[in-house]
>>> print(open('entry_18.pdb').read())   # PDB, C-alpha atoms
ATOM      1  CA  MET B   1      37.872  13.339  29.118
ATOM      2  CA  LYS B   2      34.551  14.295  27.585
ATOM      3  CA  THR B   3      33.134  10.863  26.754
ATOM      4  CA  LEU B   4      29.980   9.775  24.960
ATOM      5  CA  VAL B   5      28.765   6.256  25.631
ATOM      6  CA  ILE B   6      26.195   4.942  23.173
ATOM      7  CA  GLY B   7      24.374   2.335  25.231
ATOM      8  CA  GLY B   8      25.921   1.643  28.609
ATOM      9  CA  THR B   9      22.828   0.902  30.701
ATOM     10  CA  ARG B  10      22.969  -2.888  30.576
ATOM     11  CA  PHE B  11      25.282  -5.760  31.535
ATOM     12  CA  PHE B  12      28.986  -4.954  31.264
ATOM     13  CA  GLY B  13      28.179  -1.493  29.930
ATOM     14  CA  ILE B  14      27.237  -0.590  33.514
ATOM     15  CA  HIS B  15      30.662  -1.696  34.762
ATOM     16  CA  MET B  16      32.248   0.356  31.991
ATOM     17  CA  VAL B  17      30.376   3.569  32.802
ATOM     18  CA  ASN B  18      31.031   3.176  36.524
ATOM     19  CA  GLU B  19      34.747   2.760  35.802
ATOM     20  CA  LEU B  20      34.759   5.858  33.585
ATOM     21  CA  LEU B  21      33.088   7.845  36.355
ATOM     22  CA  ALA B  22      35.539   6.485  38.940
ATOM     23  CA  GLN B  23      38.375   7.717  36.719
ATOM     24  CA  GLY B  24      36.852  11.197  36.715
ATOM     25  CA  HIS B  25      35.670  11.400  33.118
ATOM     26  CA  ASP B  26      32.799  13.598  31.960
ATOM     27  CA  VAL B  27      30.277  11.009  30.735
ATOM     28  CA  THR B  28      27.203  11.396  28.546
ATOM     29  CA  ILE B  29      25.080   8.335  27.756
ATOM     30  CA  ALA B  30      22.992   8.098  24.587
ATOM     31  CA  THR B  31      20.094   5.635  24.771
ATOM     32  CA  ARG B  32      16.434   5.276  23.862
ATOM     33  CA  GLY B  33      15.637   6.441  27.387
ATOM     34  CA  LYS B  34      13.399   3.457  28.004
ATOM     35  CA  VAL B  35      15.546   1.729  30.638
ATOM     36  CA  ALA B  36      16.228   3.357  33.995
ATOM     37  CA  ASP B  37      19.891   3.659  34.869
ATOM     38  CA  GLU B  38      21.700   3.865  38.187
ATOM     39  CA  TYR B  39      23.948   6.851  37.493
ATOM     40  CA  GLY B  40      21.820   9.660  38.911
ATOM     41  CA  ASP B  41      23.344  13.091  38.392
ATOM     42  CA  SER B  42      26.764  11.623  37.545
ATOM     43  CA  VAL B  43      26.068  11.531  33.800
ATOM     44  CA  ARG B  44      24.398  13.589  31.114
ATOM     45  CA  ARG B  45      21.814  11.933  28.870
ATOM     46  CA  ILE B  46      20.846  12.086  25.205
ATOM     47  CA  ILE B  47      17.815  10.305  23.734
ATOM     48  CA  ILE B  48      18.442   8.540  20.407
ATOM     49  CA  ASP B  49      16.970   5.881  18.167
ATOM     50  CA  ARG B  50      20.163   3.977  17.368
ATOM     51  CA  THR B  51      18.890   2.442  14.124
ATOM     52  CA  ASN B  52      17.379   5.654  12.722
ATOM     53  CA  GLU B  53      19.743   7.803  10.673
ATOM     54  CA  THR B  54      17.736  11.006  11.139
ATOM     55  CA  SER B  55      17.517  10.536  14.897
ATOM     56  CA  MET B  56      21.262   9.992  15.148
ATOM     57  CA  LYS B  57      21.974  13.049  13.010
ATOM     58  CA  ASN B  58      19.660  15.289  14.996
ATOM     59  CA  ALA B  59      21.038  14.099  18.344
ATOM     60  CA  LEU B  60      24.766  14.106  17.578
ATOM     61  CA  SER B  61      25.475  16.676  14.878
ATOM     62  CA  GLY B  62      27.572  19.600  16.046
ATOM     63  CA  ARG B  63      28.716  17.897  19.248
ATOM     64  CA  HIS B  64      32.353  17.187  20.045
ATOM     65  CA  TYR B  65      33.623  14.432  22.331
ATOM     66  CA  ASP B  66      37.137  13.372  23.132
ATOM     67  CA  VAL B  67      36.041   9.729  23.020
ATOM     68  CA  VAL B  68      32.939   7.919  21.795
ATOM     69  CA  ILE B  69      32.392   4.382  23.088
ATOM     70  CA  ASP B  70      29.761   2.632  20.996
ATOM     71  CA  LYS B  71      28.376  -0.392  22.807
ATOM     72  CA  ILE B  72      25.521  -1.069  20.399
ATOM     73  CA  ALA B  73      26.811  -0.781  16.830
ATOM     74  CA  TYR B  74      25.889  -4.107  15.265
ATOM     75  CA  CYS B  75      26.009  -3.497  11.516
ATOM     76  CA  SER B  76      27.650  -1.286   8.914
ATOM     77  CA  ASN B  77      24.766   1.196   8.872
ATOM     78  CA  ASP B  78      25.076   1.609  12.645
ATOM     79  CA  ILE B  79      28.700   2.601  12.139
ATOM     80  CA  LYS B  80      27.828   5.030   9.344
ATOM     81  CA  TYR B  81      25.075   6.717  11.351
ATOM     82  CA  VAL B  82      27.660   7.703  13.971
ATOM     83  CA  MET B  83      30.791   8.301  11.958
ATOM     84  CA  GLU B  84      29.098  10.597   9.426
ATOM     85  CA  VAL B  85      27.830  13.018  12.075
ATOM     86  CA  ILE B  86      29.947  12.796  15.228
ATOM     87  CA  ASP B  87      33.038  14.892  15.904
ATOM     88  CA  CYS B  88      35.378  12.919  18.154
ATOM     89  CA  ASP B  89      39.089  12.329  18.672
ATOM     90  CA  LYS B  90      38.654   8.584  19.229
ATOM     91  CA  TYR B  91      35.900   6.058  18.494
ATOM     92  CA  ILE B  92      35.791   2.717  20.354
ATOM     93  CA  HIS B  93      33.554   0.091  18.778
ATOM     94  CA  MET B  94      32.245  -2.899  20.738
ATOM     95  CA  SER B  95      32.950  -5.652  18.252
ATOM     96  CA  SER B  96      33.102  -9.408  18.913
ATOM     97  CA  THR B  97      35.260 -12.472  18.306
ATOM     98  CA  ALA B  98      32.261 -13.577  16.218
ATOM     99  CA  VAL B  99      33.925 -11.666  13.356
ATOM    100  CA  TYR B 100      36.478 -14.465  13.005
ATOM    101  CA  GLU B 101      35.284 -16.792  10.257
ATOM    102  CA  LEU B 102      36.693 -19.706  12.219
ATOM    103  CA  LYS B 103      38.112 -19.166  15.684
ATOM    104  CA  HIS B 104      40.936 -21.513  16.655
ATOM    105  CA  ILE B 105      43.517 -21.981  19.367
ATOM    106  CA  ASN B 106      45.504 -18.736  19.661
ATOM    107  CA  THR B 107      43.176 -16.587  17.548
ATOM    108  CA  VAL B 108      44.905 -13.276  16.783
ATOM    109  CA  GLU B 109      43.546  -9.971  15.516
ATOM    110  CA  SER B 110      44.917 -10.416  11.997
ATOM    111  CA  ASP B 111      42.792 -13.558  11.527
ATOM    112  CA  PHE B 112      39.955 -11.305  10.374
ATOM    113  CA  ASP B 113      40.677  -9.080   7.382
ATOM    114  CA  GLY B 114      38.252  -6.183   7.346
ATOM    115  CA  VAL B 115      40.033  -4.555   4.415
ATOM    116  CA  SER B 116      39.699  -7.247   1.740
ATOM    117  CA  LYS B 117      36.222  -8.513   2.624
ATOM    118  CA  GLU B 118      33.436  -6.925   0.576
ATOM    119  CA  LEU B 119      31.675  -4.147   2.477
ATOM    120  CA  ILE B 120      27.891  -4.267   2.336
ATOM    121  CA  TRP B 121      25.904  -1.409   3.834
ATOM    122  CA  CYS B 122      23.261  -3.255   5.804
ATOM    123  CA  ASP B 123      20.820  -3.125   8.680
ATOM    124  CA  ARG B 124      20.827  -5.452  11.661
ATOM    125  CA  LYS B 125      18.408  -7.987  10.194
ATOM    126  CA  ALA B 126      20.202  -8.383   6.873
ATOM    127  CA  PHE B 127      22.487 -11.258   7.892
ATOM    128  CA  SER B 128      23.429 -13.463  10.817
ATOM    129  CA  TYR B 129      24.866 -11.868  13.948
ATOM    130  CA  GLU B 130      28.355 -12.934  12.926
ATOM    131  CA  GLU B 131      28.075 -11.391   9.476
ATOM    132  CA  ILE B 132      26.572  -8.071  10.538
ATOM    133  CA  LYS B 133      29.382  -7.670  13.095
ATOM    134  CA  ARG B 134      31.901  -8.337  10.306
ATOM    135  CA  GLN B 135      30.209  -5.720   8.157
ATOM    136  CA  ALA B 136      30.381  -3.212  11.010
ATOM    137  CA  GLU B 137      34.135  -3.693  11.150
ATOM    138  CA  CYS B 138      34.434  -3.624   7.363
ATOM    139  CA  ALA B 139      32.892  -0.150   7.455
ATOM    140  CA  LEU B 140      35.584   0.997   9.872
ATOM    141  CA  TRP B 141      38.449  -0.625   7.977
ATOM    142  CA  GLN B 142      37.360   0.522   4.533
ATOM    143  CA  GLU B 143      35.357   3.739   4.875
ATOM    144  CA  TYR B 144      36.848   5.279   8.001
ATOM    145  CA  SER B 145      40.460   4.131   7.910
ATOM    146  CA  ASP B 146      41.569   7.730   8.380
ATOM    147  CA  ARG B 147      39.748   8.016  11.717
ATOM    148  CA  ASN B 148      41.171   7.105  15.109
ATOM    149  CA  TRP B 149      39.217   3.992  16.087
ATOM    150  CA  ILE B 150      39.516   0.753  18.061
ATOM    151  CA  ALA B 151      37.381  -2.366  17.554
ATOM    152  CA  VAL B 152      37.333  -4.421  20.765
ATOM    153  CA  ARG B 153      36.675  -8.124  20.232
ATOM    154  CA  TYR B 154      35.380 -10.201  23.157
ATOM    155  CA  PRO B 155      34.339 -13.854  23.275
ATOM    156  CA  PHE B 156      31.326 -14.762  25.464
ATOM    157  CA  VAL B 157      30.937 -12.313  28.344
ATOM    158  CA  ILE B 158      29.699 -14.021  31.505
ATOM    159  CA  GLY B 159      29.022 -13.038  35.104
ATOM    160  CA  LYS B 160      26.368 -12.930  37.800
ATOM    161  CA  ASP B 161      24.640 -10.169  35.834
ATOM    162  CA  ASP B 162      24.565 -12.069  32.520
ATOM    163  CA  TYR B 163      21.035 -11.589  31.218
ATOM    164  CA  THR B 164      21.526 -14.222  28.473
ATOM    165  CA  LYS B 165      21.707 -16.986  31.124
ATOM    166  CA  ARG B 166      23.732 -19.155  28.745
ATOM    167  CA  LEU B 167      26.099 -20.521  31.377
ATOM    168  CA  LEU B 168      23.178 -20.922  33.783
ATOM    169  CA  PHE B 169      21.581 -23.210  31.175
ATOM    170  CA  TYR B 170      24.240 -25.883  31.771
ATOM    171  CA  VAL B 171      24.013 -25.611  35.553
ATOM    172  CA  GLU B 172      20.231 -25.777  35.676
ATOM    173  CA  HIS B 173      19.896 -28.583  33.151
ATOM    174  CA  THR B 174      22.550 -30.635  34.926
ATOM    175  CA  MET B 175      21.015 -30.194  38.371
ATOM    176  CA  LYS B 176      17.477 -30.902  37.158
ATOM    177  CA  SER B 177      18.494 -33.763  34.821
ATOM    178  CA  ILE B 178      16.940 -31.998  31.842
ATOM    179  CA  PRO B 179      18.276 -33.597  28.631
ATOM    180  CA  MET B 180      20.782 -31.439  26.724
ATOM    181  CA  ASN B 181      22.084 -31.738  23.179
ATOM    182  CA  ILE B 182      25.699 -30.546  23.216
ATOM    183  CA  ASP B 183      27.787 -30.787  20.042
ATOM    184  CA  ASN B 184      31.107 -29.495  21.402
ATOM    185  CA  LEU B 185      31.384 -31.086  24.830
ATOM    186  CA  ASP B 186      35.176 -31.335  24.919
ATOM    187  CA  TYR B 187      36.098 -28.181  23.020
ATOM    188  CA  GLN B 188      38.172 -25.674  24.959
ATOM    189  CA  MET B 189      36.637 -22.179  24.750
ATOM    190  CA  GLY B 190      37.386 -18.701  26.066
ATOM    191  CA  TYR B 191      35.318 -16.226  28.098
ATOM    192  CA  ILE B 192      35.643 -12.853  29.795
ATOM    193  CA  ARG B 193      34.039 -11.765  33.065
ATOM    194  CA  SER B 194      31.518  -8.941  32.778
ATOM    195  CA  ASP B 195      33.161  -6.494  35.170
ATOM    196  CA  GLU B 196      36.516  -7.010  33.464
ATOM    197  CA  ALA B 197      34.947  -6.477  30.042
ATOM    198  CA  GLY B 198      33.682  -3.101  31.221
ATOM    199  CA  LYS B 199      36.952  -2.084  32.851
ATOM    200  CA  PHE B 200      38.995  -2.914  29.754
ATOM    201  CA  MET B 201      36.792  -0.696  27.572
ATOM    202  CA  ALA B 202      37.275   2.179  30.025
ATOM    203  CA  PHE B 203      41.013   1.475  30.190
ATOM    204  CA  LEU B 204      41.351   2.103  26.453
ATOM    205  CA  ILE B 205      40.067   5.658  26.240
ATOM    206  CA  ASP B 206      43.499   7.258  26.657
ATOM    207  CA  LYS B 207      45.632   4.556  25.035
ATOM    208  CA  ASP B 208      47.510   5.307  21.827
ATOM    209  CA  ILE B 209      46.451   2.366  19.660
ATOM    210  CA  ARG B 210      44.316   1.875  16.575
ATOM    211  CA  GLY B 211      42.588  -1.042  14.885
ATOM    212  CA  ALA B 212      41.331  -4.351  16.250
ATOM    213  CA  LEU B 213      42.045  -5.487  19.794
ATOM    214  CA  ASN B 214      41.186  -8.807  21.434
ATOM    215  CA  GLY B 215      40.099  -9.053  25.053
ATOM    216  CA  SER B 216      39.600 -12.273  27.019
ATOM    217  CA  SER B 217      40.361 -13.846  30.369
ATOM    218  CA  ASP B 218      43.484 -15.992  30.298
ATOM    219  CA  GLY B 219      42.869 -19.702  29.757
ATOM    220  CA  THR B 220      40.028 -21.833  28.481
ATOM    221  CA  ILE B 221      37.552 -24.408  29.767
ATOM    222  CA  SER B 222      35.359 -27.077  28.172
ATOM    223  CA  ILE B 223      31.651 -27.636  28.673
ATOM    224  CA  ARG B 224      32.485 -31.093  30.018
ATOM    225  CA  GLU B 225      34.641 -29.537  32.751
ATOM    226  CA  ILE B 226      31.809 -27.172  33.638
ATOM    227  CA  ILE B 227      29.260 -29.962  33.831
ATOM    228  CA  GLU B 228      31.554 -32.274  35.807
ATOM    229  CA  TYR B 229      32.124 -29.536  38.375
ATOM    230  CA  VAL B 230      28.372 -29.026  38.793
ATOM    231  CA  GLU B 231      27.858 -32.792  39.115
ATOM    232  CA  LYS B 232      30.585 -33.029  41.743
ATOM    233  CA  MET B 233      29.276 -30.117  43.803
ATOM    234  CA  THR B 234      25.599 -31.117  43.666
ATOM    235  CA  GLY B 235      25.591 -34.921  43.430
ATOM    236  CA  THR B 236      23.501 -34.718  40.275
ATOM    237  CA  LYS B 237      24.062 -36.211  36.839
ATOM    238  CA  ALA B 238      23.771 -34.457  33.511
ATOM    239  CA  VAL B 239      21.614 -36.075  30.851
ATOM    240  CA  LEU B 240      23.267 -35.778  27.445
ATOM    241  CA  ASP B 241      20.903 -36.673  24.621
ATOM    242  CA  LYS B 242      20.814 -35.620  20.964
ATOM    243  CA  THR B 243      17.056 -35.189  21.302
ATOM    244  CA  GLY B 244      17.431 -32.838  24.268
ATOM    245  CA  GLU B 245      17.381 -29.052  24.311
ATOM    246  CA  ASN B 246      20.079 -27.510  22.146
ATOM    247  CA  ALA B 247      22.782 -25.977  24.326
ATOM    248  CA  PRO B 248      23.637 -22.264  23.998
ATOM    249  CA  TYR B 249      27.238 -22.675  22.858
ATOM    250  CA  ASN B 250      26.517 -25.308  20.211
ATOM    251  CA  GLY B 251      28.351 -24.706  16.950
ATOM    252  CA  GLU B 252      31.308 -23.015  18.602
ATOM    253  CA  PRO B 253      34.696 -24.408  17.571
ATOM    254  CA  GLU B 254      37.583 -25.093  19.921
ATOM    255  CA  TYR B 255      39.451 -21.829  20.390
ATOM    256  CA  SER B 256      41.440 -19.492  22.566
ATOM    257  CA  ILE B 257      41.855 -15.735  22.163
ATOM    258  CA  ASN B 258      45.305 -14.189  21.990
ATOM    259  CA  THR B 259      45.461 -10.976  24.058
ATOM    260  CA  GLU B 260      49.159 -10.119  23.773
ATOM    261  CA  LYS B 261      48.349  -6.887  21.945
ATOM    262  CA  ALA B 262      46.115  -5.707  24.789
ATOM    263  CA  LYS B 263      48.626  -6.791  27.402
ATOM    264  CA  SER B 264      51.331  -4.743  25.680
ATOM    265  CA  LEU B 265      49.305  -1.674  26.666
ATOM    266  CA  GLY B 266      49.577  -2.614  30.334
ATOM    267  CA  PHE B 267      46.244  -4.327  30.933
ATOM    268  CA  ARG B 268      46.288  -7.661  32.754
ATOM    269  CA  PHE B 269      43.344  -9.984  32.299
ATOM    270  CA  SER B 270      42.215 -12.353  35.028
ATOM    271  CA  VAL B 271      42.786 -16.097  34.857
ATOM    272  CA  LEU B 272      39.567 -17.890  33.900
ATOM    273  CA  GLN B 273      40.161 -20.813  36.237
ATOM    274  CA  ASP B 274      40.500 -18.419  39.190
ATOM    275  CA  TRP B 275      36.906 -17.207  39.008
ATOM    276  CA  ILE B 276      34.678 -19.392  36.875
ATOM    277  CA  TYR B 277      34.123 -22.002  39.573
ATOM    278  CA  GLY B 278      32.978 -19.292  41.962
ATOM    279  CA  LEU B 279      30.512 -18.165  39.312
ATOM    280  CA  LEU B 280      29.288 -21.735  38.939
ATOM    281  CA  ASP B 281      28.830 -21.912  42.728
ATOM    282  CA  TYR B 282      26.684 -18.784  42.496
ATOM    283  CA  TYR B 283      24.527 -20.373  39.788
ATOM    284  CA  ILE B 284      24.257 -23.608  41.760
ATOM    285  CA  GLN B 285      22.903 -21.675  44.732
ATOM    286  CA  LEU B 286      20.538 -19.788  42.433
ATOM    287  CA  VAL B 287      19.075 -23.046  41.122
ATOM    288  CA  ASN B 288      18.819 -24.449  44.654
ATOM    289  CA  VAL B 289      16.564 -21.622  45.824
ATOM    290  CA  GLN B 290      14.272 -21.719  42.804
TER
END
>>> encode(input="entry_18.pdb", output="structure tokens")
Amino acid sequence: MKTLVIGGTRFFGIHMVNELLAQGHDVTIATRGKVADEYGDSVRRIIIDRTNETSMKNALSGRHYDVVIDKIAYCSNDIKYVMEVIDCDKYIHMSSTAVYELKHINTVESDFDGVSKELIWCDRKAFSYEEIKRQAECALWQEYSDRNWIAVRYPFVIGKDDYTKRLLFYVEHTMKSIPMNIDNLDYQMGYIRSDEAGKFMAFLIDKDIRGALNGSSDGTISIREIIEYVEKMTGTKAVLDKTGENAPYNGEPEYSINTEKAKSLGFRFSVLQDWIYGLLDYYIQLVNVQ
């Protein structure tokens, strides 16, 4: 399929593009052109300014793609700048489980209503991350309901290539006895591994489904379980203190993400407990050699 990827040169976007290429798709990536990529002659390239309406119009008008995968649409204006100019048979939006006003155990797609919520055309700095992602989906649900689109919702994406280093925070602070302020120590939470996040996006390009779609590894884990594993493997002791550094996942509720809709398409997610301890081992070694 002739596929346009907006973004795709960072983190799990790299896994996604590599999977698309492995499947034999004709891939074009649209980026600012400021970050070198690893794809060589395997892809075509378009230079865009993602937040500039004129740039998007000039770069994309008159082009047809079977599928557009938009990794970097954060707000309603980002959606509009693509949907008003691009000609495509399917549009896949990288959304987030942050759209759910309150995640909970067994969070399902219908827990966020993008139809009834007021749509506000906005830029990325207008609201919090959670709200601008909701507005991006509201644009799809309300203004482009007649188009063939999917909004993929992931929880935290983690892996060896995670540039946010949020999980590494807990490993490093535990091993170095740096005080941490954690407000949800025993809450069970969900994650997805970065390579799997990329593969699922690529998996969807020829699937006959519309609307919102959750993706997540099966199972959950608490921050306490993570810390206790690091303590056990390193002989160190975490310092938990309300005056310590605020932990990255503070404010998150206890939740799990229901992926039955995705599984009905034939995709099977990995089991979180099967790989997260190996990832923690990798981070432990990383801290040891610092």
>>> residues_around(input="entry_18.pdb", residues="Lys261 in chain B", least_positions_apart="5", cutoff="10 Å", atoms="all atoms listed in the file", output="list in words")
Val108, Glu109, Ile209, Ala212, Leu213, Asn214, Gly215, Gly266 and Phe267 of chain B
>>> write_last_selection(input="entry_18.pdb", atoms="C-alpha atoms", output="PDB file, in the coordinates of the input")
ATOM      1  CA  VAL B 108      44.905 -13.276  16.783  1.00  0.00           C
ATOM      2  CA  GLU B 109      43.546  -9.971  15.516  1.00  0.00           C
ATOM      3  CA  ILE B 209      46.451   2.366  19.660  1.00  0.00           C
ATOM      4  CA  ALA B 212      41.331  -4.351  16.250  1.00  0.00           C
ATOM      5  CA  LEU B 213      42.045  -5.487  19.794  1.00  0.00           C
ATOM      6  CA  ASN B 214      41.186  -8.807  21.434  1.00  0.00           C
ATOM      7  CA  GLY B 215      40.099  -9.053  25.053  1.00  0.00           C
ATOM      8  CA  GLY B 266      49.577  -2.614  30.334  1.00  0.00           C
ATOM      9  CA  PHE B 267      46.244  -4.327  30.933  1.00  0.00           C
TER      10      PHE B 267
END
>>> residues_around(input="entry_18.pdb", residues="Ser96 in chain B", least_positions_apart="4", cutoff="7 Å", atoms="all atoms listed in the file", output="list in words")
Val152, Arg153, Tyr154 and Pro155 of chain B
>>> resolve_selection(input="entry_18.pdb", expression="the PyMOL selection byres ((chain B and resi 72) around 8)", output="ChimeraX atom specification")
/B:6-7,50,70-71,73-74,94
>>> resolve_selection(input="entry_18.pdb", expression="the PyMOL selection byres ((chain B and resi 182-184) around 9)", output="PyMOL selection string")
chain B and resi 180-181+185-188+222-224+240-242+244-254
>>> resolve_selection(input="entry_18.pdb", expression="the PyMOL selection byres ((chain B and resi 141) around 10)", output="PyMOL selection string")
chain B and resi 113-117+119+135-140+142-147+149+151+211-212
>>> build_atoms(input="entry_18.pdb", residues="range 260-285 of chain B", atoms="N, CA and C atoms", output="compact mmCIF listing (two decimals), in the frame of the given file")
# COMPACT_ATOMS: atom_id res chain seq x y z
N GLU B 260 47.83 -10.73 23.60
CA GLU B 260 49.16 -10.12 23.77
C GLU B 260 49.17 -8.65 23.38
N LYS B 261 48.40 -8.29 22.38
CA LYS B 261 48.35 -6.89 21.94
C LYS B 261 47.78 -6.00 23.05
N ALA B 262 46.72 -6.46 23.69
CA ALA B 262 46.12 -5.71 24.79
C ALA B 262 47.07 -5.64 25.98
N LYS B 263 47.71 -6.75 26.25
CA LYS B 263 48.63 -6.79 27.40
C LYS B 263 49.82 -5.86 27.20
N SER B 264 50.21 -5.64 25.95
CA SER B 264 51.33 -4.74 25.68
C SER B 264 51.01 -3.31 26.07
N LEU B 265 49.73 -3.00 26.24
CA LEU B 265 49.30 -1.67 26.67
C LEU B 265 49.34 -1.52 28.18
N GLY B 266 49.51 -2.66 28.88
CA GLY B 266 49.58 -2.61 30.33
C GLY B 266 48.38 -3.21 31.04
N PHE B 267 47.41 -3.72 30.30
CA PHE B 267 46.24 -4.33 30.93
C PHE B 267 46.53 -5.80 31.22
N ARG B 268 46.11 -6.26 32.39
CA ARG B 268 46.29 -7.66 32.75
C ARG B 268 44.93 -8.30 32.99
N PHE B 269 44.62 -9.29 32.17
CA PHE B 269 43.34 -9.98 32.30
C PHE B 269 43.42 -11.03 33.41
N SER B 270 42.28 -11.33 33.99
CA SER B 270 42.22 -12.35 35.03
C SER B 270 42.40 -13.74 34.42
N VAL B 271 42.67 -14.70 35.28
CA VAL B 271 42.79 -16.10 34.86
C VAL B 271 41.42 -16.76 35.00
N LEU B 272 40.92 -17.31 33.92
CA LEU B 272 39.57 -17.89 33.90
C LEU B 272 39.36 -18.89 35.03
N GLN B 273 40.31 -19.76 35.23
CA GLN B 273 40.16 -20.81 36.24
C GLN B 273 40.08 -20.25 37.66
N ASP B 274 40.53 -19.02 37.85
CA ASP B 274 40.50 -18.42 39.19
C ASP B 274 39.11 -17.97 39.61
N TRP B 275 38.21 -17.76 38.63
CA TRP B 275 36.91 -17.21 39.01
C TRP B 275 35.70 -17.96 38.47
N ILE B 276 35.87 -18.80 37.47
CA ILE B 276 34.68 -19.39 36.88
C ILE B 276 33.99 -20.38 37.81
N TYR B 277 34.76 -21.05 38.66
CA TYR B 277 34.12 -22.00 39.57
C TYR B 277 33.31 -21.28 40.65
N GLY B 278 33.77 -20.11 41.05
CA GLY B 278 32.98 -19.29 41.96
C GLY B 278 31.68 -18.84 41.32
N LEU B 279 31.72 -18.53 40.03
CA LEU B 279 30.51 -18.16 39.31
C LEU B 279 29.56 -19.36 39.21
N LEU B 280 30.12 -20.53 38.98
CA LEU B 280 29.29 -21.74 38.94
C LEU B 280 28.65 -22.00 40.30
N ASP B 281 29.39 -21.76 41.38
CA ASP B 281 28.83 -21.91 42.73
C ASP B 281 27.64 -20.97 42.92
N TYR B 282 27.78 -19.76 42.40
CA TYR B 282 26.68 -18.78 42.50
C TYR B 282 25.45 -19.30 41.76
N TYR B 283 25.65 -19.84 40.56
CA TYR B 283 24.53 -20.37 39.79
C TYR B 283 23.92 -21.60 40.45
N ILE B 284 24.76 -22.43 41.05
CA ILE B 284 24.26 -23.61 41.76
C ILE B 284 23.32 -23.17 42.89
N GLN B 285 23.75 -22.17 43.65
CA GLN B 285 22.90 -21.68 44.73
C GLN B 285 21.61 -21.08 44.18
